[in-house]
Every structure is written in C-alpha cells, then in structure tokens.
file structure38.cif (mmCIF, C-alpha atoms)
data_input
loop_
_atom_site.label_atom_id
_atom_site.label_comp_id
_atom_site.auth_asym_id
_atom_site.auth_seq_id
_atom_site.Cartn_x
_atom_site.Cartn_y
_atom_site.Cartn_z
CA MET A 10 -18.73 -1.97 -17.71
CA ILE A 11 -17.44 -4.19 -20.48
CA ARG A 12 -17.71 -7.91 -19.76
CA VAL A 13 -14.55 -9.68 -20.90
CA GLN A 14 -14.72 -13.41 -21.38
CA PRO A 15 -12.93 -15.12 -18.43
CA LEU A 16 -10.67 -17.10 -20.74
CA ALA A 17 -9.62 -14.01 -22.71
CA ALA A 18 -9.12 -12.04 -19.51
CA THR A 19 -7.05 -14.83 -17.96
CA VAL A 20 -4.86 -15.11 -21.07
CA LEU A 21 -4.35 -11.33 -21.11
CA VAL A 22 -3.49 -11.18 -17.42
CA THR A 23 -1.12 -14.15 -17.77
CA LEU A 24 0.68 -12.45 -20.66
CA GLY A 25 0.85 -9.23 -18.64
CA VAL A 26 2.33 -11.04 -15.63
CA ALA A 27 4.89 -12.76 -17.88
CA LEU A 28 5.84 -9.44 -19.51
CA VAL A 29 6.24 -7.65 -16.18
CA GLY A 30 8.26 -10.63 -14.94
CA VAL A 31 10.64 -10.55 -17.90
CA LEU A 32 11.10 -6.78 -17.54
CA ALA A 33 11.74 -7.08 -13.79
CA PHE A 34 14.32 -9.84 -14.28
CA ALA A 35 15.98 -7.89 -17.10
CA GLN A 36 16.18 -4.81 -14.88
CA LEU A 37 17.56 -6.81 -11.95
CA THR A 38 20.20 -8.66 -13.95
CA HIS A 39 21.19 -5.75 -16.23
CA GLY A 40 19.72 -7.41 -19.29
CA PHE A 41 20.28 -11.02 -18.11
CA SER A 42 24.05 -10.50 -17.86
CA ALA A 43 24.61 -10.27 -14.09
CA LEU A 44 23.29 -12.71 -11.49
CA THR A 45 25.55 -11.30 -8.79
CA SER A 46 26.13 -7.74 -7.68
CA GLU A 47 29.86 -8.31 -8.22
CA THR A 48 29.34 -8.93 -11.96
CA ALA A 49 27.01 -5.93 -12.12
CA ARG A 50 29.67 -3.76 -10.43
CA ARG A 51 32.37 -4.83 -12.90
CA ASP A 52 30.13 -4.31 -15.93
CA ALA A 53 29.02 -0.87 -14.72
CA VAL A 54 32.60 0.32 -14.18
CA ALA A 55 33.74 -0.99 -17.56
CA ALA A 56 30.83 0.83 -19.24
CA VAL A 57 31.25 4.19 -17.47
CA PRO A 58 34.39 5.01 -15.40
CA ILE A 59 33.60 6.18 -11.87
CA GLU A 60 34.92 9.39 -10.30
CA LEU A 61 36.35 8.64 -6.86
CA PRO A 62 36.15 10.81 -3.76
CA VAL A 63 39.31 12.71 -2.83
CA LEU A 64 40.31 11.85 0.70
CA THR A 65 43.50 11.94 2.68
CA GLY A 66 45.47 8.84 3.51
CA ILE A 67 48.72 7.99 5.27
CA ASP A 68 51.21 5.85 3.38
CA GLN A 69 53.75 3.34 4.68
CA ALA A 70 56.34 6.13 4.95
CA GLY A 71 53.99 8.17 7.15
CA ARG A 72 53.37 10.76 4.42
CA ARG A 73 49.88 12.29 4.27
CA HIS A 74 48.45 12.84 0.79
CA ALA A 75 45.31 12.28 -1.23
CA LEU A 76 44.67 8.56 -1.39
CA PHE A 77 45.36 7.93 -5.07
CA ASP A 78 47.55 10.95 -5.74
CA ASP A 79 50.70 9.98 -7.55
CA ILE A 80 53.05 12.22 -5.57
CA ASP A 81 56.15 10.35 -6.76
CA GLN A 82 55.31 11.11 -10.38
CA ALA A 83 54.46 14.82 -10.00
CA GLY A 84 54.97 16.80 -13.18
CA SER A 85 55.22 13.90 -15.64
CA ALA A 86 52.61 11.90 -17.47
CA PRO A 87 50.12 10.37 -15.01
CA ARG A 88 50.50 6.69 -14.28
CA VAL A 89 47.75 4.13 -14.41
CA THR A 90 47.05 2.68 -10.96
CA ILE A 91 46.07 -0.81 -9.87
CA VAL A 92 44.33 -0.66 -6.47
CA ASP A 93 43.43 -3.44 -4.07
CA PHE A 94 41.83 -3.34 -0.62
CA ILE A 95 43.15 -5.47 2.21
CA TYR A 96 43.67 -5.65 5.95
CA THR A 97 47.08 -6.88 7.00
CA ARG A 98 45.80 -9.39 9.61
CA CYS A 99 44.00 -11.26 6.83
CA VAL A 100 44.85 -14.94 6.56
CA GLY A 101 42.70 -15.55 3.50
CA VAL A 102 42.25 -13.83 0.21
CA CYS A 103 44.47 -10.80 0.99
CA SER A 104 47.57 -12.96 1.33
CA ALA A 105 46.88 -14.25 -2.19
CA LEU A 106 46.48 -10.64 -3.32
CA GLY A 107 49.83 -9.80 -1.72
CA GLY A 108 51.44 -12.56 -3.78
CA SER A 109 49.77 -11.30 -6.94
CA TYR A 110 51.01 -7.79 -6.21
CA GLN A 111 54.54 -9.13 -5.87
CA GLN A 112 54.16 -10.77 -9.29
CA LEU A 113 52.80 -7.54 -10.75
CA GLN A 114 55.67 -5.56 -9.24
CA ALA A 115 58.18 -8.00 -10.71
CA ALA A 116 56.53 -7.73 -14.13
CA ILE A 117 56.54 -3.92 -13.97
CA GLN A 118 60.24 -3.94 -13.06
CA ALA A 119 61.15 -6.51 -15.71
CA ARG A 120 59.40 -4.54 -18.45
CA HIS A 121 60.51 -1.09 -17.22
CA LEU A 122 56.93 0.11 -16.79
CA GLU A 123 57.72 2.00 -13.55
CA ASP A 124 56.74 5.33 -15.09
CA ARG A 125 53.53 3.94 -16.61
CA VAL A 126 51.89 1.68 -14.03
CA ARG A 127 51.89 1.76 -10.23
CA LEU A 128 50.33 -0.29 -7.46
CA VAL A 129 48.34 1.00 -4.48
CA THR A 130 47.17 -1.18 -1.60
CA VAL A 131 44.56 0.41 0.69
CA SER A 132 43.81 -0.99 4.12
CA PHE A 133 40.17 -0.83 5.22
CA ASP A 134 41.27 -1.50 8.80
CA PRO A 135 43.00 1.81 9.69
CA GLN A 136 42.67 1.22 13.46
CA HIS A 137 45.01 -1.73 13.20
CA ASP A 138 46.93 -0.87 10.04
CA THR A 139 48.88 2.17 11.22
CA PRO A 140 51.74 3.51 9.06
CA SER A 141 54.23 1.38 11.01
CA THR A 142 52.12 -1.78 10.49
CA LEU A 143 51.88 -0.95 6.80
CA ALA A 144 55.64 -0.34 6.65
CA ARG A 145 56.26 -3.77 8.21
CA TYR A 146 53.86 -5.38 5.76
CA ALA A 147 55.55 -3.56 2.86
CA GLN A 148 58.89 -4.88 4.04
CA GLN A 149 57.57 -8.47 4.20
CA MET A 150 56.23 -8.04 0.68
CA HIS A 151 59.48 -6.46 -0.57
CA ALA A 152 57.38 -3.58 -1.88
CA ASP A 153 59.38 -1.27 -4.15
CA PRO A 154 58.32 2.22 -2.98
CA ARG A 155 58.67 3.67 -6.51
CA ILE A 156 55.98 1.25 -7.70
CA TRP A 157 53.93 0.09 -4.75
CA THR A 158 52.33 2.43 -2.19
CA LEU A 159 50.45 1.12 0.84
CA MET A 160 47.94 3.45 2.43
CA SER A 161 45.13 3.70 4.93
CA PRO A 162 42.57 6.51 5.06
CA GLN A 163 43.42 9.12 7.67
CA HIS A 164 39.83 9.49 8.87
CA ALA A 165 38.11 6.16 9.53
CA GLU A 166 34.69 7.81 9.18
CA GLN A 167 35.43 8.42 5.49
CA LEU A 168 35.98 4.73 4.89
CA PRO A 169 32.33 3.74 4.18
CA GLY A 170 32.11 6.42 1.48
CA LEU A 171 35.34 5.24 -0.11
CA LEU A 172 34.31 1.56 -0.07
CA GLY A 173 30.87 2.54 -1.35
CA SER A 174 32.29 4.37 -4.34
CA PHE A 175 34.30 1.27 -5.26
CA GLY A 176 31.31 -0.99 -4.53
CA ILE A 177 33.21 -2.94 -1.90
CA VAL A 178 31.30 -4.65 0.91
CA VAL A 179 33.26 -5.74 3.99
CA VAL A 180 31.53 -8.35 6.15
CA PRO A 181 32.87 -9.22 9.62
CA ALA A 182 33.72 -12.93 9.84
CA PRO A 183 34.56 -15.21 12.78
CA LEU A 184 38.05 -15.16 14.35
CA ASP A 185 38.37 -11.40 13.95
CA GLN A 186 38.55 -11.70 10.17
CA PHE A 187 36.66 -9.99 7.35
CA GLN A 188 35.27 -11.24 4.03
CA HIS A 189 35.22 -8.74 1.20
CA ASN A 190 34.80 -8.73 -2.55
CA ALA A 191 38.47 -8.57 -3.45
CA ALA A 192 39.64 -7.72 -6.96
CA PHE A 193 42.11 -5.61 -8.92
CA HIS A 194 40.73 -2.10 -9.41
CA VAL A 195 42.34 -0.27 -12.31
CA LEU A 196 42.30 3.54 -12.23
CA ASP A 197 42.92 5.40 -15.47
CA GLY A 198 45.35 8.31 -15.84
CA ARG A 199 42.69 10.71 -14.57
CA GLY A 200 42.20 8.73 -11.39
CA ARG A 201 38.82 7.29 -12.35
CA LEU A 202 37.89 3.68 -11.59
CA ALA A 203 37.81 2.22 -15.09
CA ARG A 204 38.18 -1.57 -14.82
CA ILE A 205 37.70 -4.27 -12.22
CA VAL A 206 39.62 -7.48 -12.88
CA ASP A 207 39.22 -10.80 -11.11
CA LEU A 208 41.54 -11.63 -8.27
CA ASN A 209 42.88 -14.71 -10.10
CA ASP A 210 43.87 -12.72 -13.14
CA ALA A 211 46.91 -10.56 -12.33
CA GLN A 212 47.92 -10.73 -15.97
CA GLY A 213 44.50 -9.39 -16.95
CA ALA A 214 44.90 -6.53 -14.47
CA LEU A 215 48.23 -5.51 -16.01
CA ASP A 216 46.80 -5.81 -19.53
CA ALA A 217 43.81 -3.67 -18.50
CA ALA A 218 46.17 -1.09 -16.99
CA LEU A 219 48.28 -0.96 -20.17
CA SER A 220 45.15 -0.60 -22.30
CA LEU A 221 44.18 2.46 -20.24
CA LEU A 222 47.48 4.26 -20.77
CA PRO A 223 46.89 7.56 -22.50
CA ALA A 224 48.07 7.44 -26.11
CA ALA A 225 51.60 8.81 -25.84
CA PRO A 226 54.20 9.28 -28.61
CA SER A 227 55.79 6.08 -27.30
CA SER A 228 52.57 4.12 -27.70
CA PRO A 229 53.98 1.70 -30.30
CA ARG A 230 56.56 0.70 -27.75
CA ALA A 231 53.91 0.34 -25.08
CA GLY A 232 51.99 -1.85 -27.50
CA ALA A 233 55.05 -3.99 -28.10
CA ARG A 234 55.48 -4.34 -24.35
CA ALA A 235 51.86 -5.31 -23.96
CA SER A 236 52.18 -7.99 -26.62
CA THR A 237 54.98 -9.65 -24.71
CA SER A 238 52.98 -9.57 -21.52
CA ALA A 239 51.89 -13.19 -21.63
CA SER A 240 55.35 -14.45 -20.77
CA ALA A 241 56.10 -11.80 -18.17
CA LEU A 242 53.89 -13.03 -15.39
CA THR A 243 54.27 -16.77 -15.60
CA MET B 280 -7.26 -24.68 9.52
CA THR B 281 -8.53 -24.30 13.04
CA LEU B 282 -8.20 -20.51 13.04
CA SER B 283 -11.14 -18.49 11.84
CA PRO B 284 -10.43 -16.62 8.58
CA ARG B 285 -10.47 -13.32 10.46
CA ALA B 286 -8.01 -14.55 13.11
CA CYS B 287 -5.84 -15.96 10.35
CA GLN B 288 -5.75 -12.57 8.65
CA LEU B 289 -4.79 -10.83 11.89
CA ALA B 290 -2.08 -13.41 12.53
CA GLY B 291 -0.73 -12.73 9.01
CA ILE B 292 -0.57 -9.01 9.69
CA ALA B 293 1.19 -9.69 12.99
CA LEU B 294 3.70 -12.01 11.31
CA ALA B 295 4.50 -9.44 8.61
CA ALA B 296 4.86 -6.68 11.22
CA LEU B 297 7.19 -8.88 13.25
CA VAL B 298 9.65 -9.78 10.48
CA LEU B 299 9.62 -6.19 9.16
CA THR B 300 10.25 -4.49 12.54
CA PRO B 301 13.65 -2.84 12.02
CA PRO B 302 15.60 -4.66 14.79
CA VAL B 303 14.11 -8.04 13.82
CA ALA B 304 14.58 -7.37 10.10
CA ARG B 305 18.22 -6.38 10.71
CA LEU B 306 18.80 -9.53 12.73
CA LEU B 307 17.24 -11.78 10.07
CA GLU B 308 18.97 -10.03 7.16
CA ALA B 309 22.36 -10.12 8.90
CA ARG B 310 22.67 -13.74 7.78
CA MET B 311 21.75 -15.20 4.44
CA LEU B 312 19.99 -18.11 6.12
CA GLY B 313 17.75 -15.78 8.12
CA HIS B 314 17.08 -13.62 5.08
CA MET B 315 16.29 -16.36 2.56
CA LEU B 316 14.81 -19.09 4.70
CA VAL B 317 13.11 -17.16 7.50
CA GLN B 318 12.20 -13.63 6.46
CA ILE B 319 11.29 -14.29 2.81
CA PRO B 320 9.11 -17.38 3.47
CA ALA B 321 7.54 -15.58 6.48
CA LEU B 322 6.55 -12.62 4.30
CA TRP B 323 5.08 -14.94 1.69
CA LEU B 324 3.18 -16.86 4.37
CA ALA B 325 1.97 -13.60 5.94
CA GLY B 326 0.58 -12.51 2.57
CA ALA B 327 -1.17 -15.86 2.20
CA MET B 328 -2.67 -15.60 5.69
CA MET B 329 -3.87 -12.05 5.06
CA ALA B 330 -5.69 -13.23 1.95
CA TRP B 331 -7.27 -16.23 3.65
CA PRO B 332 -10.72 -14.60 4.18
CA VAL B 333 -11.09 -13.89 0.44
CA CYS B 334 -9.91 -17.35 -0.58
CA GLY B 335 -13.37 -18.63 -1.37
CA SER B 336 -14.42 -15.40 -3.07
CA ARG B 337 -15.42 -15.71 -6.70
CA ARG B 338 -14.63 -12.09 -7.53
CA VAL B 339 -11.21 -12.84 -9.02
CA ASP B 340 -12.40 -15.80 -11.09
CA HIS B 341 -13.04 -13.85 -14.24
CA TRP B 342 -9.35 -13.05 -14.78
CA ASN B 343 -7.71 -15.86 -12.80
CA MET B 344 -9.07 -19.05 -14.36
CA ALA B 345 -7.54 -22.15 -12.82
CA GLY B 346 -5.29 -19.77 -10.86
CA VAL B 347 -2.77 -19.66 -13.69
CA PRO B 348 -1.81 -15.95 -13.76
CA GLY B 349 -1.86 -15.72 -9.97
CA LEU B 350 0.41 -18.74 -9.52
CA LEU B 351 2.70 -17.49 -12.28
CA ALA B 352 3.08 -14.12 -10.54
CA ALA B 353 3.65 -15.79 -7.15
CA SER B 354 6.39 -18.09 -8.48
CA LEU B 355 8.11 -15.29 -10.45
CA VAL B 356 8.29 -13.18 -7.28
CA LEU B 357 9.81 -16.12 -5.36
CA ALA B 358 12.36 -16.72 -8.13
CA PHE B 359 13.26 -13.02 -8.23
CA TRP B 360 14.18 -12.93 -4.52
CA MET B 361 16.31 -16.06 -4.78
CA LEU B 362 18.85 -14.42 -7.05
CA PRO B 363 22.01 -13.30 -5.26
CA ILE B 364 21.94 -9.83 -6.82
CA ALA B 365 18.39 -9.27 -5.48
CA LEU B 366 19.42 -10.29 -1.94
CA ASP B 367 22.39 -7.88 -2.07
CA HIS B 368 20.14 -5.04 -3.25
CA ALA B 369 17.63 -5.74 -0.47
CA VAL B 370 20.38 -5.56 2.15
CA ALA B 371 21.99 -2.43 0.70
CA SER B 372 18.89 -0.35 -0.07
CA ALA B 373 15.76 0.41 1.94
CA ALA B 374 13.75 0.96 -1.26
CA TRP B 375 14.65 -2.50 -2.56
CA ASP B 376 13.85 -3.98 0.85
CA ALA B 377 10.40 -2.33 0.80
CA ALA B 378 9.81 -3.62 -2.73
CA LYS B 379 10.79 -7.08 -1.52
CA ALA B 380 8.29 -6.99 1.38
CA LEU B 381 5.42 -5.69 -0.77
CA SER B 382 6.00 -8.10 -3.65
CA LEU B 383 6.28 -11.12 -1.34
CA LEU B 384 3.11 -10.22 0.59
CA LEU B 385 1.30 -9.85 -2.72
CA ALA B 386 2.79 -13.09 -4.03
CA GLY B 387 1.61 -14.95 -0.93
CA ALA B 388 -1.89 -13.54 -1.27
CA LEU B 389 -2.07 -14.30 -4.99
CA GLY B 390 -0.55 -17.71 -4.40
CA VAL B 391 -3.10 -18.91 -1.86
CA VAL B 392 -6.11 -17.42 -3.66
CA SER B 393 -5.02 -18.98 -6.97
CA TRP B 394 -3.99 -22.29 -5.43
CA ARG B 395 -7.54 -22.98 -4.33
CA ARG B 396 -8.72 -22.52 -7.92
CA ALA B 397 -6.01 -24.60 -9.55
CA PRO B 398 -6.72 -28.14 -10.70
CA LEU B 399 -4.22 -30.81 -9.76
CA VAL B 400 -2.28 -30.60 -13.01
CA ILE B 401 -1.76 -26.84 -12.64
CA GLN B 402 -0.71 -27.26 -9.02
CA ALA B 403 1.73 -29.98 -10.04
CA PHE B 404 3.18 -27.74 -12.75
CA PHE B 405 3.86 -24.83 -10.39
CA VAL B 406 5.06 -26.98 -7.48
CA GLY B 407 7.42 -28.78 -9.85
CA ASN B 408 8.79 -25.54 -11.25
CA VAL B 409 9.32 -23.78 -7.94
CA VAL B 410 10.85 -26.87 -6.31
CA TRP B 411 13.14 -27.56 -9.25
CA MET B 412 14.22 -23.92 -9.35
CA SER B 413 14.94 -23.70 -5.61
CA ILE B 414 16.91 -26.95 -5.66
CA ALA B 415 18.99 -25.66 -8.59
CA ILE B 416 19.69 -22.40 -6.74
CA GLY B 417 20.36 -24.29 -3.48
CA VAL B 418 22.94 -26.47 -5.25
CA LEU B 419 24.52 -23.39 -6.81
CA TYR B 420 24.84 -21.78 -3.37
CA GLN B 421 26.51 -24.91 -1.96
CA ASP B 422 29.13 -24.81 -4.67
CA ASP B 423 32.45 -24.06 -3.01
CA GLY B 424 33.07 -21.38 -5.59
CA PRO B 425 33.18 -17.64 -5.14
CA ARG B 426 30.84 -15.80 -2.82
CA LEU B 427 27.70 -14.93 -4.75
CA CYS B 428 26.41 -12.26 -2.38
CA ASN B 429 28.77 -9.48 -1.41
CA ALA B 430 26.77 -9.05 1.79
CA TYR B 431 27.17 -12.61 3.08
CA LEU B 432 29.92 -14.98 4.20
CA LEU B 433 30.82 -18.04 2.17
CA ASP B 434 29.93 -20.50 4.97
CA ASP B 435 26.55 -18.84 5.37
CA GLN B 436 25.98 -19.18 1.62
CA GLY B 437 26.76 -22.92 1.74
CA ASN B 438 24.45 -23.51 4.72
CA THR B 439 21.69 -21.52 3.03
CA GLY B 440 22.06 -23.61 -0.12
CA LEU B 441 21.74 -26.86 1.83
CA ALA B 442 18.76 -25.55 3.81
CA LEU B 443 17.09 -24.37 0.60
CA VAL B 444 17.40 -27.84 -0.95
CA LEU B 445 16.00 -29.51 2.19
CA PHE B 446 13.19 -26.95 2.47
CA SER B 447 12.21 -27.52 -1.19
CA LEU B 448 12.29 -31.30 -0.83
CA LEU B 449 10.16 -31.04 2.30
CA ALA B 450 7.63 -28.80 0.54
CA ALA B 451 7.49 -31.16 -2.45
CA GLY B 452 7.11 -34.17 -0.13
CA LEU B 453 4.31 -32.55 1.83
CA TRP B 454 2.44 -31.62 -1.31
CA MET B 455 2.82 -35.10 -2.80
CA GLY B 456 1.76 -36.78 0.43
CA ARG B 457 -1.29 -34.58 0.75
CA THR B 458 -2.25 -35.09 -2.87
CA ALA B 459 -1.83 -38.87 -2.64
CA LEU B 460 -4.00 -38.91 0.46
CA ARG B 461 -6.72 -36.90 -1.25
CA LEU B 462 -6.65 -39.01 -4.39
CA GLN B 463 -7.07 -42.07 -2.22
CA THR B 464 -9.98 -40.70 -0.22
CA GLY B 465 -11.50 -39.18 -3.33
CA SER B 466 -11.81 -35.68 -1.87
CA PRO B 467 -13.47 -33.39 -4.39
CA ARG B 468 -11.12 -30.47 -3.65
CA ILE B 469 -8.42 -31.72 -5.99
CA ASP B 470 -10.69 -30.90 -8.92
CA PRO B 471 -11.23 -27.32 -10.01
CA PRO B 472 -13.98 -25.65 -8.02
CA PRO B 473 -17.25 -26.02 -9.92
CA GLU B 474 -17.86 -22.25 -10.00
CA ASP B 475 -15.09 -21.89 -12.63
CA ALA B 476 -17.12 -23.96 -15.06
CA VAL B 477 -20.15 -21.75 -14.44
CA HIS B 478 -18.14 -18.62 -15.24
CA GLU B 479 -16.79 -20.00 -18.48
CA ASN B 480 -20.20 -20.01 -20.07
#

call {"tool": "encode", "arguments": {"input": "structure38.cif", "output": "structure tokens"}}
result
Amino acid sequence: MIRVQPLAATVLVTLGVALVGVLAFAQLTHGFSALTSETARRDAVAAVPIELPVLTGIDQAGRRHALFDDIDQAGSAPRVTIVDFIYTRCVGVCSALGGSYQQLQAAIQARHLEDRVRLVTVSFDPQHDTPSTLARYAQQMHADPRIWTLMSPQHAEQLPGLLGSFGIVVVPAPLDQFQHNAAFHVLDGRGRLARIVDLNDAQGALDAALSLLPAAPSSPRAGARASTSASALT
Amino acid sequence: MTLSPRACQLAGIALAALVLTPPVARLLEARMLGHMLVQIPALWLAGAMMAWPVCGSRRVDHWNMAGVPGLLAASLVLAFWMLPIALDHAVASAAWDAAKALSLLLAGALGVVSWRRAPLVIQAFFVGNVVWMSIAIGVLYQDDGPRLCNAYLLDDQGNTGLALVLFSLLAAGLWMGRTALRLQTGSPRIDPPPEDAVHEN
C-alpha cells in the first residue's frame, strides 16, 4: 500500500470534496441559474417545449372537448393559447389573474388578434367549479367566448397528471383556500407548453404568445402589431 | 456526554429511523418548518451520534488533517439542503429524499469526527460560514416576496426563515460560550489533538 503524506492526502481530499460540491450545486441549480423549482420549470419549458396530455374537459358552456382543443377555430390556422390555472373560490392570486385576463382580452380585441391568440382558464377544483359555476365566473369576468374559454377536467383523477405536466403544485391552505405557483402558460400552435411568464407580466405573456405565432404570410402585420403592444395593455 | 459511545450510536440509529419512518417523514415534510428545522437537523444529529464511537479513532487522520475536508463536506451538504429547489425536489421525489437522508447522515458523521480534530481557528471558520449562510437564507425566506418553494405556503416560509435565524444565532451563541469557557479554564481540547502532529512527520 502506498503511503501518502497526510498533508498531501488532506489537500487532495479537500479539493475532491470542493469539486463534488461544485458539481452537485451546479446540477441542483441548473448551472447556478435556478435557486427555486419555479425558475427551473420556466427555464426548462423555454429550452424545450413540453407535450401535454390530451384529456377531456367541460367548458363554461357545458361542451365536452379535449382540454386545449381550439374547437372554435377548427379548420383555420391554429391559435396560440395562454393558459392559467385557478379555482373560482380563490380570494388571493387568482383574482389578480382574472383581472390580468380581462386586460389581455381587451388587448386582443383592441388589436384584432382574435384569430391568433386565445385564453384558456382551467380550474383545478372541478368538484366545486362545475360548468354552471364556471359560467357564472365567466359572466362576472365579462369573458368573450370567442377569446376566453373556461374549463375544468372531466375526470378529477386525471388532474394530478395534468398539473404534473405543467409543473404546478397546489398546496391546501387555511380557510379552505389553496396556494399554487400561478403564472401565464403559453402554448404554441401545436399545443405544446412553450413559455411560462410571470403573473405580474401580462404584457410579457402576450408578447410571448405573439412570438410563438407560426410564420404566416401576414407575419409583417403581426410584427407591426407586436411592436405597438407596449401601449395596448397600459 | 453521559451516554456510552455504544448507546449513543444506537440512539442515533433510532433517531434516524424515527424521522425517516414514512408517516413521521410525511408529517415533518408537510410543513417547511418541520422539514428544515426538525427533520434535516435530526438526520444530521443522528449521523453525528452514529459516528460517536469512532470519534477518537486515528484512522481517518491521514486524509482529514485538522478536520478540514470533513468539515467542508459537512457544511456543503447543509448548504445544499437549505436551497428552496432542493427542498422541493425532496418533497416531490423519493430518490431525492433518500439522497437527502444519506447525505445528511454522512455529513453529521463527518462533521463530528472532523470537529474533534479541528483547532479553534478552523472551528471558528466553519461555524462562522455555516451561521452566516443560514442567517442569510433565513432572512431571504422571511422576505415577503414570492413563495420560494412550490411545495410550501408563504406563511410557513416566513416562520421557517425566522426560526432558521434564531436557530443559527443560538448555535453560534452556544459555540462562543463554550469556547470562551474553555479558553478561560485552559482546557487542552481547544488545541488540535497531539496525534495530528505525530502523523505529520
């Protein structure tokens, strides 16, 4: 057996520990860029769009169809979709999201983007948020059915899989509430989750949606619309 | 320590088994406070207790002079499991949770074995680093900003941050008090154990 000098051995082991430590932290934080799993989720989606499971939902009109299927746009160019997850009893962050969705809807109407961008709100509380509850909520929000669809999954047992594919964690909170990582989820024309934009940045969500529009013959016009976007949401 | 080394080791095994038993682990991990300030310190302590019988052993001296690599590894493991993304992974995945338990047990064992070899200045360096780091993270958690862990409530995060700061201050206070007492009474244990010097030659 080779006798290594204690000092040399200690220095080597210390360097080894430091190296393993740096590698472990780099792995954990995706190369020192993400200290929270929310940042990691957003970075991962932006790097590689995620295919979503196909599952049936019921919308505010009581129609049953695949959750993110754009049944109102059948036959024409697919729209880009901005998705959020809520429960209608929410007194916290979801009410802010509702307000942001109203702003987004107004911006889409003002800029005639109805055939390019649509909004989908999914309830993760299907026991409570029945089609009639969703219809009432849609009415309160003045949701324009051509733009904004509200849905809940038809089978509650499919909900964990759906939330898992989006990377959403719902934690029960006191007073019958939930806390959840709320954000704008932007689906590209093929229905893949392609961007996650912060809740405070409705403008950013619309810009992300417009940037995901498939290059169409009218793309210069879409670009011109996008360039005027700063004024549209203020 | 009034317990015999053997009893201490058995108590460490029992403590680890307790906080890793699925119902208990679920209960502790259901809240951030239980996860960060009960289960994680308990696992570290259990590792330290399990290693107690080999504390005086000189077999690790030839690669662990003054306890430096051992203490470095122990503090890196602690830092790792203080990051919000690591806590979320441990809650969401059984593999991450197992890695957490193993690394913390090992960190506790390495920590206590190395601590006994470390001269005062090395101890001060690592205590200072770990305490400073936990206070920084505790302050970050108390920030009324966004939730940092998807698995935990905002209130829980704030309470955990406050508890982490208090826990760190308490640990620093205890260490300083003990050290001051020993300096005053001139106890020889604050100096590196003499066997290190023998091995160097």

call {"tool": "resolve_selection", "arguments": {"input": "structure38.cif", "expression": "the PyMOL selection byres ((chain B and resi 400-413) around 7)", "output": "list in words"}}
result
Ser354, Trp394, Ala397, Pro398, Leu399, Ile414, Ala415, Ile416, Gly417, Leu443, Val444, Ser447 and Ala451 of chain B

call {"tool": "atom_distance", "arguments": {"input": "structure38.cif", "atom1": "CA of Tyr110 (chain A)", "atom2": "CA of Leu208 (chain A)"}}
result
10.4 Å

call {"tool": "interface_residues", "arguments": {"input": "structure38.cif", "of": "chain A", "to": "chain B", "cutoff": "12 Å", "atoms": "only C-alpha atoms", "output": "ChimeraX atom specification"}}
result
/A:12-39,41-50,102,173,176-183,186-192,207-209

call {"tool": "residues_around", "arguments": {"input": "structure38.cif", "residues": "Thr158 (chain A)", "least_positions_apart": "2", "cutoff": "10 Å", "atoms": "all atoms listed in the file", "output": "number ranges by chain"}}
result
A: 67-70, 76-77, 79, 81, 92, 127-131, 143-144, 147, 152-156, 160

call {"tool": "atom_distance", "arguments": {"input": "structure38.cif", "atom1": "CA of Ala295 (chain B)", "atom2": "CA of Leu322 (chain B)"}}
result
5.7 Å

call {"tool": "resolve_selection", "arguments": {"input": "structure38.cif", "expression": "the PyMOL selection byres ((chain B and resi 438) around 10)", "output": "list of chain:residue names"}}
result
B:Met311, B:Leu312, B:Gly417, B:Tyr420, B:Gln421, B:Leu433, B:Asp434, B:Asp435, B:Gln436, B:Gly437, B:Thr439, B:Gly440, B:Leu441, B:Ala442, B:Leu443

call {"tool": "resolve_selection", "arguments": {"input": "structure38.cif", "expression": "the PyMOL selection byres ((chain B and resi 329) around 9)", "output": "list in words"}}
result
Pro284, Arg285, Cys287, Gln288, Leu289, Ala290, Gly291, Ile292, Leu324, Ala325, Gly326, Ala327, Met328, Ala330, Trp331, Pro332, Val333, Leu384, Gly387 and Ala388 of chain B

call {"tool": "write_last_selection", "arguments": {"input": "structure38.cif", "atoms": "C-alpha atoms", "output": "PDB file, keeping the file's coordinate frame"}}
result
ATOM      1  CA  PRO B 284     -10.430 -16.620   8.580  1.00  0.00           C
ATOM      2  CA  ARG B 285     -10.470 -13.320  10.460  1.00  0.00           C
ATOM      3  CA  CYS B 287      -5.840 -15.960  10.350  1.00  0.00           C
ATOM      4  CA  GLN B 288      -5.750 -12.570   8.650  1.00  0.00           C
ATOM      5  CA  LEU B 289      -4.790 -10.830  11.890  1.00  0.00           C
ATOM      6  CA  ALA B 290      -2.080 -13.410  12.530  1.00  0.00           C
ATOM      7  CA  GLY B 291      -0.730 -12.730   9.010  1.00  0.00           C
ATOM      8  CA  ILE B 292      -0.570  -9.010   9.690  1.00  0.00           C
ATOM      9  CA  LEU B 324       3.180 -16.860   4.370  1.00  0.00           C
ATOM     10  CA  ALA B 325       1.970 -13.600   5.940  1.00  0.00           C
ATOM     11  CA  GLY B 326       0.580 -12.510   2.570  1.00  0.00           C
ATOM     12  CA  ALA B 327      -1.170 -15.860   2.200  1.00  0.00           C
ATOM     13  CA  MET B 328      -2.670 -15.600   5.690  1.00  0.00           C
ATOM     14  CA  ALA B 330      -5.690 -13.230   1.950  1.00  0.00           C
ATOM     15  CA  TRP B 331      -7.270 -16.230   3.650  1.00  0.00           C
ATOM     16  CA  PRO B 332     -10.720 -14.600   4.180  1.00  0.00           C
ATOM     17  CA  VAL B 333     -11.090 -13.890   0.440  1.00  0.00           C
ATOM     18  CA  LEU B 384       3.110 -10.220   0.590  1.00  0.00           C
ATOM     19  CA  GLY B 387       1.610 -14.950  -0.930  1.00  0.00           C
ATOM     20  CA  ALA B 388      -1.890 -13.540  -1.270  1.00  0.00           C
TER      21      ALA B 388
END

call {"tool": "atom_distance", "arguments": {"input": "structure38.cif", "atom1": "CA of Asp78 (chain A)", "atom2": "CA of Gly66 (chain A)"}}
result
9.7 Å

call {"tool": "axis_aligned_box", "arguments": {"input": "structure38.cif", "around": "region 453-458 of chain B", "padding_each_side": "3 Å", "output": "lines of an AutoDock Vina configuration file"}}
result
center_x = 1.0
center_y = -34.2
center_z = -0.5
size_x = 12.6
size_y = 11.2
size_z = 10.7

call {"tool": "residues_around", "arguments": {"input": "structure38.cif", "residues": "Arg305 (chain B)", "least_positions_apart": "2", "cutoff": "12 Å", "atoms": "all atoms listed in the file", "output": "list in words"}}
result
Leu297, Val298, Leu299, Thr300, Pro301, Pro302, Val303, Leu307, Glu308, Ala309, Arg310, Met311, Gly313, His314, Gln318, Ala369, Val370, Ala371, Ala373 and Asp376 of chain B

call {"tool": "closest_residue", "arguments": {"input": "structure38.cif", "among": "A:Ala105, A:Ala53, A:Ile91, A:Ala75", "to": "Asp216 (chain A)", "atoms": "only C-alpha atoms"}}
result
A:Ile91

call {"tool": "residues_around", "arguments": {"input": "structure38.cif", "residues": "region 59-63 of chain A", "least_positions_apart": "3", "cutoff": "12 Å", "atoms": "all atoms listed in the file", "output": "PyMOL selection string"}}
result
chain A and resi 50-56+66+74-78+162-163+167-176+194-205
